[in-house]
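A.B. asks: What follows is the file data-v2.cif, containing mmCIF, C-alpha atoms:
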data_target
loop_
_atom_site.group_PDB
_atom_site.id
_atom_site.type_symbol
_atom_site.label_atom_id
_atom_site.label_comp_id
_atom_site.auth_asym_id
_atom_site.auth_seq_id
_atom_site.Cartn_x
_atom_site.Cartn_y
_atom_site.Cartn_z
ATOM 1 C CA MET A 1 15.121 6.565 -28.474
ATOM 2 C CA LYS A 2 12.359 4.091 -27.679
ATOM 3 C CA VAL A 3 12.873 1.698 -24.790
ATOM 4 C CA TYR A 4 10.634 -1.146 -23.594
ATOM 5 C CA HIS A 5 9.750 -2.590 -20.203
ATOM 6 C CA GLY A 6 8.027 -5.972 -19.937
ATOM 7 C CA SER A 7 5.665 -6.285 -16.993
ATOM 8 C CA MET A 8 2.589 -8.045 -15.725
ATOM 9 C CA GLU A 9 1.033 -4.601 -15.335
ATOM 10 C CA ILE A 10 0.827 -1.271 -17.116
ATOM 11 C CA VAL A 11 3.649 0.946 -15.864
ATOM 12 C CA ASN A 12 2.934 4.492 -16.970
ATOM 13 C CA LYS A 13 4.905 5.911 -14.009
ATOM 14 C CA PRO A 14 8.208 4.030 -13.732
ATOM 15 C CA LYS A 15 9.722 3.677 -10.294
ATOM 16 C CA ILE A 16 12.891 2.332 -8.762
ATOM 17 C CA ILE A 17 12.345 -1.250 -7.653
ATOM 18 C CA ALA A 18 14.442 -2.925 -5.001
ATOM 19 C CA PRO A 19 14.805 -6.501 -6.236
ATOM 20 C CA SER A 20 14.062 -9.541 -4.115
ATOM 21 C CA ARG A 21 17.037 -11.244 -5.755
ATOM 22 C CA ALA A 22 20.379 -10.086 -7.112
ATOM 23 C CA LEU A 23 20.117 -8.664 -10.649
ATOM 24 C CA ASP A 24 22.756 -7.830 -13.266
ATOM 25 C CA TYR A 25 22.846 -4.072 -12.707
ATOM 26 C CA GLY A 26 21.275 -3.772 -9.252
ATOM 27 C CA SER A 27 18.071 -2.084 -8.178
ATOM 28 C CA GLY A 28 16.148 0.213 -10.471
ATOM 29 C CA PHE A 29 13.860 0.240 -13.478
ATOM 30 C CA TYR A 30 14.994 -2.111 -16.267
ATOM 31 C CA THR A 31 14.314 -1.458 -19.940
ATOM 32 C CA THR A 32 15.677 -2.648 -23.285
ATOM 33 C CA THR A 33 15.783 -1.243 -26.807
ATOM 34 C CA SER A 34 14.361 -4.579 -28.004
ATOM 35 C CA SER A 35 10.568 -4.866 -27.956
ATOM 36 C CA GLU A 36 11.041 -8.594 -28.654
ATOM 37 C CA GLN A 37 13.163 -9.015 -25.515
ATOM 38 C CA ALA A 38 10.564 -7.199 -23.397
ATOM 39 C CA GLY A 39 7.841 -9.434 -24.879
ATOM 40 C CA ARG A 40 9.870 -12.594 -24.136
ATOM 41 C CA TRP A 41 10.233 -11.492 -20.522
ATOM 42 C CA VAL A 42 6.451 -11.113 -20.224
ATOM 43 C CA ARG A 43 5.716 -14.448 -21.943
ATOM 44 C CA ARG A 44 7.988 -16.262 -19.453
ATOM 45 C CA LYS A 45 5.785 -14.980 -16.622
ATOM 46 C CA LEU A 46 2.438 -15.852 -18.220
ATOM 47 C CA ASP A 47 0.526 -18.962 -17.200
ATOM 48 C CA THR A 48 -3.067 -20.165 -16.827
ATOM 49 C CA ARG A 49 -3.587 -17.854 -13.831
ATOM 50 C CA HIS A 50 -1.794 -14.812 -15.287
ATOM 51 C CA GLN A 51 -2.841 -14.737 -18.916
ATOM 52 C CA LYS A 52 -2.045 -11.129 -19.762
ATOM 53 C CA GLY A 53 0.992 -8.882 -19.502
ATOM 54 C CA TRP A 54 2.282 -5.712 -21.090
ATOM 55 C CA VAL A 55 5.184 -4.289 -23.023
ATOM 56 C CA ASN A 56 5.346 -0.686 -21.838
ATOM 57 C CA ILE A 57 6.911 1.736 -24.306
ATOM 58 C CA TYR A 58 8.817 4.896 -23.378
ATOM 59 C CA GLU A 59 10.789 7.604 -25.069
ATOM 60 C CA TRP A 60 14.211 8.057 -23.495
ATOM 61 C CA ASP A 61 15.538 11.600 -23.877
ATOM 62 C CA SER A 62 19.323 11.330 -23.776
ATOM 63 C CA ASP A 63 19.600 15.149 -23.774
ATOM 64 C CA LYS A 64 17.868 15.186 -20.367
ATOM 65 C CA ALA A 65 20.457 12.640 -19.198
ATOM 66 C CA LYS A 66 23.350 15.044 -19.713
ATOM 67 C CA GLY A 67 25.035 15.567 -16.365
ATOM 68 C CA LEU A 68 23.882 12.198 -15.005
ATOM 69 C CA ASN A 69 26.413 9.553 -14.025
ATOM 70 C CA ILE A 70 26.112 6.956 -16.809
ATOM 71 C CA LEU A 71 28.006 3.683 -17.069
ATOM 72 C CA ARG A 72 28.026 2.173 -20.559
ATOM 73 C CA PHE A 73 29.269 -1.276 -21.530
ATOM 74 C CA TYR A 74 29.587 -1.802 -25.269
ATOM 75 C CA SER A 75 30.247 -5.527 -25.044
ATOM 76 C CA PRO A 76 30.763 -8.237 -22.464
ATOM 77 C CA ASP A 77 34.288 -7.452 -21.258
ATOM 78 C CA GLU A 78 36.135 -7.826 -17.942
ATOM 79 C CA ASP A 79 34.711 -4.613 -16.465
ATOM 80 C CA TRP A 80 31.159 -5.661 -17.420
ATOM 81 C CA LEU A 81 31.683 -9.139 -15.982
ATOM 82 C CA ASP A 82 33.064 -7.766 -12.698
ATOM 83 C CA PHE A 83 30.167 -5.296 -12.412
ATOM 84 C CA VAL A 84 27.523 -7.956 -13.116
ATOM 85 C CA MET A 85 29.155 -10.449 -10.732
ATOM 86 C CA ASN A 86 29.276 -7.828 -7.946
ATOM 87 C CA ASN A 87 25.556 -7.198 -8.405
ATOM 88 C CA ARG A 88 24.597 -10.856 -8.811
ATOM 89 C CA THR A 89 26.540 -12.153 -5.821
ATOM 90 C CA ASP A 90 25.632 -9.385 -3.348
ATOM 91 C CA ILE A 91 22.036 -8.130 -3.290
ATOM 92 C CA HIS A 92 23.284 -5.211 -1.151
ATOM 93 C CA TYR A 93 26.040 -4.182 -3.586
ATOM 94 C CA HIS A 94 25.682 -0.464 -4.253
ATOM 95 C CA HIS A 95 26.864 1.654 -7.152
ATOM 96 C CA ASP A 96 26.488 5.382 -7.756
ATOM 97 C CA TYR A 97 25.451 5.348 -11.408
ATOM 98 C CA ASP A 98 22.195 6.977 -12.445
ATOM 99 C CA ILE A 99 21.955 4.867 -15.598
ATOM 100 C CA VAL A 100 23.713 1.654 -16.614
ATOM 101 C CA TYR A 101 23.614 0.432 -20.219
ATOM 102 C CA GLY A 102 25.004 -2.786 -21.640
ATOM 103 C CA PRO A 103 24.422 -6.411 -22.597
ATOM 104 C CA VAL A 104 21.679 -8.395 -20.894
ATOM 105 C CA ALA A 105 22.423 -11.796 -19.425
ATOM 106 C CA ASP A 106 19.695 -14.009 -20.911
ATOM 107 C CA ASP A 107 19.134 -17.723 -20.230
ATOM 108 C CA ARG A 108 22.122 -18.860 -22.327
ATOM 109 C CA VAL A 109 24.312 -16.306 -20.588
ATOM 110 C CA TYR A 110 23.106 -17.489 -17.161
ATOM 111 C CA ALA A 111 24.255 -21.007 -18.028
ATOM 112 C CA ALA A 112 27.703 -19.693 -18.965
ATOM 113 C CA PHE A 113 27.805 -17.602 -15.763
ATOM 114 C CA ALA A 114 26.977 -20.712 -13.736
ATOM 115 C CA LEU A 115 29.978 -22.502 -15.278
ATOM 116 C CA TYR A 116 32.153 -19.517 -14.381
ATOM 117 C CA GLU A 117 30.823 -19.346 -10.808
ATOM 118 C CA GLN A 118 31.505 -23.070 -10.348
ATOM 119 C CA GLY A 119 35.072 -22.720 -11.630
ATOM 120 C CA PHE A 120 34.583 -24.597 -14.927
ATOM 121 C CA LEU A 121 35.299 -21.465 -16.985
ATOM 122 C CA ASP A 122 37.829 -18.760 -16.214
ATOM 123 C CA LYS A 123 37.102 -15.092 -16.826
ATOM 124 C CA GLN A 124 38.623 -14.984 -20.323
ATOM 125 C CA ALA A 125 36.842 -18.182 -21.421
ATOM 126 C CA LEU A 126 33.513 -16.797 -20.197
ATOM 127 C CA ILE A 127 34.038 -13.495 -22.019
ATOM 128 C CA GLY A 128 34.983 -15.398 -25.182
ATOM 129 C CA GLU A 129 31.833 -17.509 -24.850
ATOM 130 C CA LEU A 130 29.647 -14.444 -24.324
ATOM 131 C CA LYS A 131 31.110 -12.618 -27.326
ATOM 132 C CA ALA A 132 29.937 -15.524 -29.495
ATOM 133 C CA TYR A 133 26.305 -14.785 -28.540
ATOM 134 C CA LYS A 134 24.160 -12.109 -30.108
ATOM 135 C CA LEU A 135 23.215 -10.280 -26.922
ATOM 136 C CA VAL A 136 20.376 -7.814 -26.548
ATOM 137 C CA ASP A 137 20.798 -4.776 -24.354
ATOM 138 C CA GLN A 138 19.367 -3.466 -21.137
ATOM 139 C CA LEU A 139 19.136 0.054 -19.842
ATOM 140 C CA LEU A 140 18.781 0.384 -16.070
ATOM 141 C CA PHE A 141 17.435 3.581 -14.554
ATOM 142 C CA HIS A 142 18.900 3.503 -11.051
ATOM 143 C CA THR A 143 17.887 6.868 -9.554
ATOM 144 C CA GLU A 144 14.859 9.150 -9.412
ATOM 145 C CA ASN A 145 16.784 11.694 -11.523
ATOM 146 C CA SER A 146 17.283 9.106 -14.243
ATOM 147 C CA LEU A 147 13.553 8.319 -14.355
ATOM 148 C CA ARG A 148 12.894 11.942 -15.339
ATOM 149 C CA THR A 149 14.504 11.184 -18.697
ATOM 150 C CA LEU A 150 11.688 8.728 -19.576
ATOM 151 C CA THR A 151 8.305 9.604 -21.049
ATOM 152 C CA TYR A 152 5.585 6.950 -21.189
ATOM 153 C CA ILE A 153 4.172 6.529 -24.710
ATOM 154 C CA GLU A 154 1.918 3.474 -24.796
ATOM 155 C CA LYS A 155 1.553 -0.194 -23.922
ATOM 156 C CA LYS A 156 1.095 -3.362 -25.952
ATOM 157 C CA GLU A 157 -0.798 -6.326 -24.601
ATOM 158 C CA VAL A 158 0.888 -9.744 -24.454
ATOM 159 C CA LEU A 159 -1.427 -12.743 -24.073
ATOM 160 C CA TYR A 160 -0.863 -16.268 -22.803
ATOM 161 C CA ASP A 161 -0.754 -18.757 -25.688
ATOM 162 C CA THR A 162 -3.375 -21.348 -24.746
ATOM 163 C CA THR A 163 -2.718 -23.433 -27.888
ATOM 164 C CA ASN A 164 0.691 -24.716 -26.843
ATOM 165 C CA HIS A 165 0.761 -23.690 -23.162
ATOM 166 C CA THR A 166 4.188 -22.100 -23.425
ATOM 167 C CA GLY A 167 3.173 -18.505 -22.829
#
Please lay out the structure from this file as structure tokens.

C.D. replies:
Amino acid sequence: MKVYHGSMEIVNKPKIIAPSRALDYGSGFYTTTSSEQAGRWVRRKLDTRHQKGWVNIYEWDSDKAKGLNILRFYSPDEDWLDFVMNNRTDIHYHHDYDIVYGPVADDRVYAAFALYEQGFLDKQALIGELKAYKLVDQLLFHTENSLRTLTYIEKKEVLYDTTNHTG
């Protein structure tokens, strides 16, 4: 299966990255099965100083992942929400999964999460809200062993759009 990683640089040797902020699934190497999602991530980072980024493309060999500890969320449910909230509210939260797969919290989802965190939505209302969205996925490689299941294929350049200055 092809997976994509949006970056400001070419990443032909993925590595585990300790985030400077709390992320949905914790530290690691984030990918998605959506090349469009990876491209959107890059375009958000582009500006007049950083006018070029990359969508890095990999082949993920699920056969090599046999025996790894994989956590899979098929939809935004209570377990997913609890896992994401643990990671987002504690940068030092640790889990023992090699790979985590599930929905990605995009900008619309962040707004709904903010309402939940401020007490305006309860857990069930947030999950109901999230299920109304068409969510893309993310695949986090959390350990060195998990990175061995990825093979770099190629990269695609993403350029800053100077015509409308939106990236």

A.B. asks: Can you tell me which residues surround stretch 22-39 of chain A at a distance of at most 6 Å, considering all atoms listed in the file, apart from same-chain residues fewer than 5 positions away, and format the answer as a list of chain:residue names?

C.D. replies: A:Val3, A:Tyr4, A:His5, A:Gly6, A:Ile16, A:Ile17, A:Val84, A:Asn87, A:Arg88, A:Ile91, A:Asp137, A:Gln138, A:Leu139, A:Leu140, A:Phe141, A:His142

A.B. asks: Written as a list in words, what is the full residue list that the PyMOL selection byres ((chain A and resi 156-159) around 8) yields on the file shown?

C.D. replies: Gly39, Val42, Arg43, Leu46, Gln51, Lys52, Gly53, Trp54, Val55, Asn56, Ile57, Glu154, Lys155, Tyr160, Asp161 and Gly167 of chain A

A.B. asks: Could the residues in this selection be written to a file with C-alpha atoms, as an mmCIF file, keeping the file's coordinate frame?

C.D. replies:
data_model
loop_
_atom_site.group_PDB
_atom_site.id
_atom_site.type_symbol
_atom_site.label_atom_id
_atom_site.label_comp_id
_atom_site.auth_asym_id
_atom_site.auth_seq_id
_atom_site.Cartn_x
_atom_site.Cartn_y
_atom_site.Cartn_z
ATOM 1 C CA GLY A 39 7.841 -9.434 -24.879
ATOM 2 C CA VAL A 42 6.451 -11.113 -20.224
ATOM 3 C CA ARG A 43 5.716 -14.448 -21.943
ATOM 4 C CA LEU A 46 2.438 -15.852 -18.220
ATOM 5 C CA GLN A 51 -2.841 -14.737 -18.916
ATOM 6 C CA LYS A 52 -2.045 -11.129 -19.762
ATOM 7 C CA GLY A 53 0.992 -8.882 -19.502
ATOM 8 C CA TRP A 54 2.282 -5.712 -21.090
ATOM 9 C CA VAL A 55 5.184 -4.289 -23.023
ATOM 10 C CA ASN A 56 5.346 -0.686 -21.838
ATOM 11 C CA ILE A 57 6.911 1.736 -24.306
ATOM 12 C CA GLU A 154 1.918 3.474 -24.796
ATOM 13 C CA LYS A 155 1.553 -0.194 -23.922
ATOM 14 C CA TYR A 160 -0.863 -16.268 -22.803
ATOM 15 C CA ASP A 161 -0.754 -18.757 -25.688
ATOM 16 C CA GLY A 167 3.173 -18.505 -22.829
#

A.B. asks: Give one line per residue of stretch 102-134 of chain A that approaches stretch 61-73 of chain A to at most 12 Å, naming the two atoms of the closest pair and their distance in Å to one decimal, counting only C-alpha atoms; sort by chain then ascending residue number and deliver it as CSV.

C.D. replies:
residue,atom,partner,partner_atom,distance
A:Gly102,CA,A:Phe73,CA,4.5
A:Pro103,CA,A:Phe73,CA,7.1
A:Val104,CA,A:Phe73,CA,10.4

A.B. asks: For stretch 127-135 of chain A, what centre and edge lengths in Å (one decimal) does the axis-aligned box get once 5 Å is added on each side of all its listed atoms, as JSON?

C.D. replies:
{"center_x": 29.1, "center_y": -13.9, "center_z": -26.1, "size_x": 21.8, "size_y": 17.2, "size_z": 18.1}

A.B. asks: Distance atom CA of A:His95-atom CA of A:Lys13, one decimal place?

C.D. replies: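 Spanning atom CA of A:His95 to atom CA of A:Lys13 is a straight-line distance of 23.4 Å.
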